[in-house]
file query35.cif (mmCIF, C-alpha atoms)
data_data
loop_
_atom_site.label_atom_id
_atom_site.label_comp_id
_atom_site.auth_asym_id
_atom_site.auth_seq_id
_atom_site.Cartn_x
_atom_site.Cartn_y
_atom_site.Cartn_z
CA MET T 1 -7.00 -8.16 13.65
CA ARG T 2 -3.94 -10.30 13.29
CA ASP T 3 -0.80 -9.62 15.31
CA LEU T 4 2.42 -9.47 13.29
CA GLY T 5 4.10 -11.87 15.69
CA PRO T 6 7.50 -13.28 14.83
CA SER T 7 6.61 -14.28 11.28
CA PRO T 8 4.87 -11.60 9.19
CA ALA T 9 4.75 -14.02 6.25
CA CYS T 10 1.44 -15.34 7.60
CA LEU T 11 -0.14 -12.02 6.67
CA CYS T 12 -0.32 -12.78 2.95
CA ALA T 13 -3.60 -11.27 1.86
CA ARG T 14 -6.84 -13.09 1.37
CA ILE T 15 -7.67 -11.81 -2.09
CA THR T 16 -11.40 -11.89 -1.63
CA ARG T 17 -11.61 -9.19 1.09
CA THR T 18 -14.33 -6.65 0.35
CA VAL T 19 -14.13 -4.36 3.36
CA VAL T 20 -11.14 -2.66 4.91
CA ARG T 21 -11.54 -1.28 8.44
CA LEU T 22 -9.83 2.04 9.06
CA LEU T 23 -9.36 4.49 11.89
CA GLY T 24 -9.40 2.11 14.83
CA GLY T 25 -12.77 0.44 15.26
CA TYR T 26 -14.58 2.66 12.75
CA THR T 27 -15.56 0.67 9.70
CA THR T 28 -15.41 2.42 6.37
CA ALA T 29 -16.85 0.51 3.46
CA LEU T 30 -14.20 0.63 0.79
CA VAL T 31 -14.90 -1.54 -2.16
CA VAL T 32 -11.87 -3.70 -2.75
CA LEU T 33 -12.01 -5.34 -6.13
CA ALA T 34 -9.75 -8.34 -6.10
CA PHE T 35 -7.86 -9.33 -9.20
CA VAL T 36 -10.44 -12.07 -9.68
CA GLY T 37 -13.44 -9.87 -10.49
CA ALA T 38 -16.91 -11.05 -9.65
CA GLY T 39 -20.02 -10.51 -11.73
CA GLY T 40 -18.12 -8.82 -14.55
CA ALA T 41 -16.64 -6.14 -12.31
CA ALA T 42 -13.25 -4.86 -13.43
CA PRO T 43 -10.34 -5.67 -11.14
CA GLY T 44 -8.24 -3.03 -9.37
CA LEU T 45 -8.69 -0.21 -6.92
CA ALA T 46 -12.05 1.43 -6.37
CA ALA T 47 -12.44 4.81 -4.68
CA ASP T 48 -14.83 5.21 -1.79
CA GLN T 49 -17.32 8.00 -2.28
CA LEU T 50 -16.70 9.43 1.18
CA GLN T 51 -12.92 9.34 0.77
CA PRO T 52 -11.82 9.24 4.41
CA VAL T 53 -8.46 10.70 5.40
CA ALA T 54 -5.69 8.15 5.93
CA PRO T 55 -4.59 7.65 9.54
CA PRO T 56 -1.30 9.36 10.37
CA LEU T 57 1.95 7.43 10.21
CA SER T 58 5.14 8.13 12.13
CA LEU T 59 7.69 5.38 11.57
CA PRO T 60 11.45 4.95 11.21
CA ASP T 61 12.94 4.75 7.76
CA LEU T 62 15.72 2.32 6.92
CA ASP T 63 18.33 4.71 8.34
CA GLY T 64 16.47 5.09 11.65
CA ARG T 65 15.11 8.58 10.96
CA THR T 66 11.45 9.07 11.95
CA ARG T 67 9.29 9.99 8.97
CA THR T 68 5.61 10.91 8.79
CA LEU T 69 3.00 10.38 6.11
CA ASN T 70 2.45 14.15 5.97
CA GLU T 71 5.97 14.56 4.55
CA PHE T 72 4.83 12.79 1.39
CA LEU T 73 1.46 14.49 0.99
CA GLY T 74 0.63 17.88 -0.47
CA SER T 75 1.89 18.06 -4.03
CA LYS T 76 1.28 14.57 -5.45
CA PRO T 77 -0.83 11.49 -4.82
CA VAL T 78 0.82 8.76 -2.76
CA LEU T 79 0.83 5.03 -3.44
CA LEU T 80 1.25 3.54 0.03
CA GLU T 81 2.28 -0.10 0.06
CA PHE T 82 2.17 -2.37 3.12
CA MET T 83 4.35 -5.44 2.65
CA SER T 84 6.67 -8.02 4.17
CA THR T 85 9.87 -9.34 2.67
CA ASP T 86 8.72 -12.85 3.72
CA CYS T 87 5.47 -12.65 1.76
CA PRO T 88 5.56 -14.37 -1.65
CA HIS T 89 2.78 -12.11 -2.99
CA CYS T 90 4.77 -9.04 -1.94
CA ARG T 91 7.85 -10.34 -3.73
CA THR T 92 5.72 -10.95 -6.83
CA MET T 93 4.48 -7.35 -6.70
CA ALA T 94 7.98 -5.83 -6.43
CA PRO T 95 8.61 -5.78 -10.22
CA VAL T 96 5.11 -4.36 -10.76
CA LEU T 97 5.93 -1.49 -8.41
CA THR T 98 9.29 -0.98 -10.13
CA ARG T 99 7.49 -0.57 -13.45
CA LEU T 100 4.83 1.71 -11.95
CA HIS T 101 7.54 3.90 -10.45
CA GLU T 102 9.33 4.12 -13.81
CA VAL T 103 6.13 5.34 -15.47
CA TYR T 104 4.50 7.42 -12.69
CA GLY T 105 7.33 8.26 -10.28
CA ASN T 106 7.42 11.91 -11.34
CA ARG T 107 3.66 12.32 -10.73
CA VAL T 108 3.06 9.99 -7.75
CA SER T 109 5.02 9.56 -4.52
CA PHE T 110 5.71 5.94 -3.61
CA LEU T 111 5.99 4.94 0.04
CA THR T 112 6.43 1.41 1.37
CA VAL T 113 5.82 0.23 4.93
CA ALA T 114 7.65 -3.05 5.47
CA PHE T 115 6.86 -5.35 8.37
CA ASP T 116 10.31 -6.66 9.15
CA ARG T 117 12.35 -5.87 12.26
CA ARG T 118 15.65 -5.90 10.34
CA ALA T 119 16.25 -2.73 8.36
CA THR T 120 19.25 -4.30 6.60
CA ARG T 121 17.05 -7.04 5.17
CA VAL T 122 14.45 -4.53 3.92
CA LYS T 123 17.19 -2.33 2.46
CA ALA T 124 18.60 -5.32 0.57
CA PHE T 125 15.11 -6.15 -0.76
CA ALA T 126 14.62 -2.56 -1.99
CA GLN T 127 18.04 -2.50 -3.64
CA VAL T 128 17.56 -5.85 -5.40
CA HIS T 129 14.32 -4.57 -6.92
CA GLY T 130 15.65 -1.10 -7.76
CA HIS T 131 13.25 0.67 -5.40
CA SER T 132 14.64 4.13 -4.79
CA TRP T 133 11.65 5.44 -2.84
CA CYS T 134 11.32 5.61 0.92
CA TYR T 135 10.75 2.44 2.95
CA LEU T 136 9.49 2.66 6.53
CA LEU T 137 9.54 -0.07 9.17
CA GLY T 138 5.99 -0.89 10.24
CA ASP T 139 4.87 -1.95 13.70
CA ASP T 140 1.85 -3.38 15.50
CA HIS T 141 0.34 0.11 15.87
CA THR T 142 0.39 0.52 12.07
CA VAL T 143 -1.42 -2.79 11.67
CA ARG T 144 -4.11 -1.65 14.12
CA VAL T 145 -4.73 1.88 12.80
CA TYR T 146 -4.88 0.72 9.19
CA ALA T 147 -6.74 -2.47 10.23
CA LEU T 148 -4.48 -4.47 7.97
CA GLU T 149 -5.60 -8.02 7.51
CA GLY T 150 -2.94 -9.01 5.05
CA VAL T 151 -0.11 -7.97 2.82
CA PRO T 152 0.43 -6.77 0.27
CA THR T 153 -2.06 -3.96 0.74
CA PHE T 154 -1.97 -0.85 -1.42
CA VAL T 155 -3.64 2.40 -0.40
CA LEU T 156 -3.84 5.14 -3.00
CA LEU T 157 -4.05 8.60 -1.45
CA GLY T 158 -4.86 11.93 -3.03
CA PRO T 159 -2.42 14.80 -2.36
CA ASP T 160 -4.76 15.82 0.49
CA GLY T 161 -4.35 12.44 2.23
CA ARG T 162 -7.83 11.23 1.37
CA ILE T 163 -8.08 7.55 0.55
CA ARG T 164 -8.90 7.17 -3.13
CA GLY T 165 -8.63 3.40 -3.34
CA VAL T 166 -7.47 0.22 -1.66
CA GLN T 167 -6.19 -3.03 -3.11
CA VAL T 168 -5.64 -6.02 -0.83
CA GLY T 169 -3.49 -8.70 -2.40
CA SER T 170 -1.61 -9.09 -5.65
CA CYS T 171 -2.93 -7.52 -8.82
CA ALA T 172 -1.86 -6.75 -12.34
CA TYR T 173 0.18 -3.70 -13.33
CA GLU T 174 -2.76 -2.46 -15.41
CA ASP T 175 -5.09 -2.43 -12.40
CA LEU T 176 -2.82 -0.20 -10.31
CA ALA T 177 -1.95 1.96 -13.34
CA ARG T 178 -5.64 2.53 -14.06
CA ALA T 179 -6.26 3.54 -10.43
CA ILE T 180 -3.31 5.93 -10.46
CA GLU T 181 -4.50 7.50 -13.71
CA ASP T 182 -7.97 7.97 -12.26
CA VAL T 183 -6.36 10.03 -9.49
CA ILE T 184 -3.85 12.00 -11.57
CA GLY T 185 -6.34 12.50 -14.41
CA SER T 186 -4.17 11.69 -17.40
CA PRO T 187 -4.07 8.94 -20.01
CA ARG T 188 -1.56 6.06 -19.87
#

call {"tool": "encode", "arguments": {"input": "query35.cif", "output": "structure tokens"}}
result
Amino acid sequence: MRDLGPSPACLCARITRTVVRLLGGYTTALVVLAFVGAGGAAPGLAADQLQPVAPPLSLPDLDGRTRTLNEFLGSKPVLLEFMSTDCPHCRTMAPVLTRLHEVYGNRVSFLTVAFDRRATRVKAFAQVHGHSWCYLLGDDHTVRVYALEGVPTFVLLGPDGRIRGVQVGSCAYEDLARAIEDVIGSPR
């Protein structure tokens, strides 16, 4: 487990990760298909058959108000993004998320956890990219409970909070769109 330390930019994801550890030391095998598929496998998010429940989150938003993951669950799936404003891969993914939100924002809740100690900087990033959804400020505890090994990391949750898929690293719009459609059950 990497510590965020003073420079979260060093957390840029290693694209070839194939296992994401969740829930403290418990290891849940979640197949993470990187955007460079191996052996003919399609890139994107892949759902784990056991579909574990996402660890709880309780973090400040950009206005200092404490928010929880449960506030976003219940009626719609949630696309949970872990990112850093210093990460070049995260900046590359910002327009992809903007487009996804334009297409799926009425059927999927978007939630971003940013690893930056300055809310004003994160707020400026969100405004520049037209992100109107909630941003939370992540901390070391978040890194540990989600066993994050890099950013960007995307976790797709069902309305019940069960993990339906994980993507570590950058990917194409089509890969995330396909994963979202698998969860919401409708064509593009």

call {"tool": "resolve_selection", "arguments": {"input": "query35.cif", "expression": "the PyMOL selection byres ((chain T and resi 74) around 12)", "output": "list in words"}}
result
Leu69, Asn70, Glu71, Phe72, Leu73, Ser75, Lys76, Pro77, Val78, Val108, Ser109, Leu157, Gly158, Pro159, Asp160, Gly161 and Arg162 of chain T

call {"tool": "atom_distance", "arguments": {"input": "query35.cif", "atom1": "CA of Gln127 in chain T", "atom2": "CA of Val155 in chain T"}}
result
22.5 Å

call {"tool": "closest_residue", "arguments": {"input": "query35.cif", "among": "T:Ala119, T:Cys134, T:Leu156, T:Cys171", "to": "Thr85 in chain T", "atoms": "only C-alpha atoms"}}
result
T:Ala119

call {"tool": "closest_residue", "arguments": {"input": "query35.cif", "among": "T:Val128, T:Val103, T:Ala114, T:Ala179", "to": "Met83 in chain T", "atoms": "all atoms listed in the file"}}
result
T:Ala114

call {"tool": "atom_distance", "arguments": {"input": "query35.cif", "atom1": "CA of Leu148 in chain T", "atom2": "CA of Gln167 in chain T"}}
result
11.3 Å

call {"tool": "closest_residue", "arguments": {"input": "query35.cif", "among": "T:Ile184, T:Cys90, T:Val166, T:Ala177", "to": "Pro152 in chain T", "atoms": "all atoms listed in the file"}}
result
T:Cys90

call {"tool": "atom_distance", "arguments": {"input": "query35.cif", "atom1": "CA of Gly105 in chain T", "atom2": "CA of Asp175 in chain T"}}
result
16.5 Å

call {"tool": "resolve_selection", "arguments": {"input": "query35.cif", "expression": "the PyMOL selection byres ((chain T and resi 58) around 6)", "output": "PyMOL selection string"}}
result
chain T and resi 57+59+67-68

call {"tool": "closest_residue", "arguments": {"input": "query35.cif", "among": "T:Leu111, T:Val151, T:Leu79, T:Ile163", "to": "Tyr135 in chain T", "atoms": "only C-alpha atoms"}}
result
T:Leu111

call {"tool": "build_atoms", "arguments": {"input": "query35.cif", "residues": "range 119-144 of chain T", "atoms": "N, CA and C atoms", "output": "PDB file, in the frame of the given file"}}
result
ATOM      1  N   ALA T 119      16.154  -3.733   9.411  1.00  0.00           N
ATOM      2  CA  ALA T 119      16.250  -2.730   8.360  1.00  0.00           C
ATOM      3  C   ALA T 119      17.218  -3.166   7.260  1.00  0.00           C
ATOM      4  N   THR T 120      18.277  -3.872   7.611  1.00  0.00           N
ATOM      5  CA  THR T 120      19.250  -4.300   6.600  1.00  0.00           C
ATOM      6  C   THR T 120      18.613  -5.258   5.594  1.00  0.00           C
ATOM      7  N   ARG T 121      17.738  -6.104   6.064  1.00  0.00           N
ATOM      8  CA  ARG T 121      17.050  -7.040   5.170  1.00  0.00           C
ATOM      9  C   ARG T 121      16.103  -6.302   4.223  1.00  0.00           C
ATOM     10  N   VAL T 122      15.373  -5.317   4.754  1.00  0.00           N
ATOM     11  CA  VAL T 122      14.450  -4.530   3.920  1.00  0.00           C
ATOM     12  C   VAL T 122      15.237  -3.700   2.918  1.00  0.00           C
ATOM     13  N   LYS T 123      16.347  -3.129   3.360  1.00  0.00           N
ATOM     14  CA  LYS T 123      17.190  -2.330   2.460  1.00  0.00           C
ATOM     15  C   LYS T 123      17.713  -3.190   1.310  1.00  0.00           C
ATOM     16  N   ALA T 124      18.127  -4.410   1.612  1.00  0.00           N
ATOM     17  CA  ALA T 124      18.600  -5.320   0.570  1.00  0.00           C
ATOM     18  C   ALA T 124      17.481  -5.648  -0.420  1.00  0.00           C
ATOM     19  N   PHE T 125      16.271  -5.874   0.086  1.00  0.00           N
ATOM     20  CA  PHE T 125      15.110  -6.150  -0.760  1.00  0.00           C
ATOM     21  C   PHE T 125      14.866  -4.974  -1.716  1.00  0.00           C
ATOM     22  N   ALA T 126      14.857  -3.756  -1.172  1.00  0.00           N
ATOM     23  CA  ALA T 126      14.620  -2.560  -1.990  1.00  0.00           C
ATOM     24  C   ALA T 126      15.699  -2.400  -3.050  1.00  0.00           C
ATOM     25  N   GLN T 127      16.944  -2.648  -2.680  1.00  0.00           N
ATOM     26  CA  GLN T 127      18.040  -2.500  -3.640  1.00  0.00           C
ATOM     27  C   GLN T 127      17.969  -3.542  -4.744  1.00  0.00           C
ATOM     28  N   VAL T 128      17.660  -4.784  -4.398  1.00  0.00           N
ATOM     29  CA  VAL T 128      17.560  -5.850  -5.400  1.00  0.00           C
ATOM     30  C   VAL T 128      16.505  -5.512  -6.443  1.00  0.00           C
ATOM     31  N   HIS T 129      15.420  -4.886  -6.011  1.00  0.00           N
ATOM     32  CA  HIS T 129      14.320  -4.570  -6.920  1.00  0.00           C
ATOM     33  C   HIS T 129      14.409  -3.161  -7.510  1.00  0.00           C
ATOM     34  N   GLY T 130      15.465  -2.430  -7.201  1.00  0.00           N
ATOM     35  CA  GLY T 130      15.650  -1.100  -7.760  1.00  0.00           C
ATOM     36  C   GLY T 130      14.668  -0.073  -7.228  1.00  0.00           C
ATOM     37  N   HIS T 131      14.199  -0.260  -6.005  1.00  0.00           N
ATOM     38  CA  HIS T 131      13.250   0.670  -5.400  1.00  0.00           C
ATOM     39  C   HIS T 131      14.003   1.815  -4.727  1.00  0.00           C
ATOM     40  N   SER T 132      13.921   2.976  -5.310  1.00  0.00           N
ATOM     41  CA  SER T 132      14.640   4.130  -4.790  1.00  0.00           C
ATOM     42  C   SER T 132      13.794   4.979  -3.837  1.00  0.00           C
ATOM     43  N   TRP T 133      12.528   4.649  -3.699  1.00  0.00           N
ATOM     44  CA  TRP T 133      11.650   5.440  -2.840  1.00  0.00           C
ATOM     45  C   TRP T 133      11.835   5.039  -1.377  1.00  0.00           C
ATOM     46  N   CYS T 134      11.185   5.788  -0.516  1.00  0.00           N
ATOM     47  CA  CYS T 134      11.320   5.610   0.920  1.00  0.00           C
ATOM     48  C   CYS T 134      10.605   4.347   1.414  1.00  0.00           C
ATOM     49  N   TYR T 135      11.308   3.582   2.238  1.00  0.00           N
ATOM     50  CA  TYR T 135      10.750   2.440   2.950  1.00  0.00           C
ATOM     51  C   TYR T 135      10.727   2.778   4.427  1.00  0.00           C
ATOM     52  N   LEU T 136       9.622   2.488   5.077  1.00  0.00           N
ATOM     53  CA  LEU T 136       9.490   2.660   6.530  1.00  0.00           C
ATOM     54  C   LEU T 136       9.329   1.291   7.164  1.00  0.00           C
ATOM     55  N   LEU T 137       9.697   1.189   8.435  1.00  0.00           N
ATOM     56  CA  LEU T 137       9.540  -0.070   9.170  1.00  0.00           C
ATOM     57  C   LEU T 137       8.250  -0.017   9.971  1.00  0.00           C
ATOM     58  N   GLY T 138       7.293  -0.857   9.590  1.00  0.00           N
ATOM     59  CA  GLY T 138       5.990  -0.890  10.240  1.00  0.00           C
ATOM     60  C   GLY T 138       6.037  -1.566  11.590  1.00  0.00           C
ATOM     61  N   ASP T 139       4.978  -1.354  12.373  1.00  0.00           N
ATOM     62  CA  ASP T 139       4.870  -1.950  13.700  1.00  0.00           C
ATOM     63  C   ASP T 139       3.428  -2.364  13.960  1.00  0.00           C
ATOM     64  N   ASP T 140       3.187  -2.916  15.139  1.00  0.00           N
ATOM     65  CA  ASP T 140       1.850  -3.380  15.500  1.00  0.00           C
ATOM     66  C   ASP T 140       0.830  -2.240  15.483  1.00  0.00           C
ATOM     67  N   HIS T 141       1.252  -1.042  15.875  1.00  0.00           N
ATOM     68  CA  HIS T 141       0.340   0.110  15.870  1.00  0.00           C
ATOM     69  C   HIS T 141      -0.144   0.396  14.437  1.00  0.00           C
ATOM     70  N   THR T 142       0.761   0.299  13.483  1.00  0.00           N
ATOM     71  CA  THR T 142       0.390   0.520  12.070  1.00  0.00           C
ATOM     72  C   THR T 142      -0.660  -0.486  11.633  1.00  0.00           C
ATOM     73  N   VAL T 143      -0.462  -1.742  12.016  1.00  0.00           N
ATOM     74  CA  VAL T 143      -1.420  -2.790  11.670  1.00  0.00           C
ATOM     75  C   VAL T 143      -2.797  -2.444  12.239  1.00  0.00           C
ATOM     76  N   ARG T 144      -2.829  -1.965  13.474  1.00  0.00           N
ATOM     77  CA  ARG T 144      -4.110  -1.650  14.120  1.00  0.00           C
ATOM     78  C   ARG T 144      -4.795  -0.434  13.488  1.00  0.00           C
TER      79      ARG T 144
END
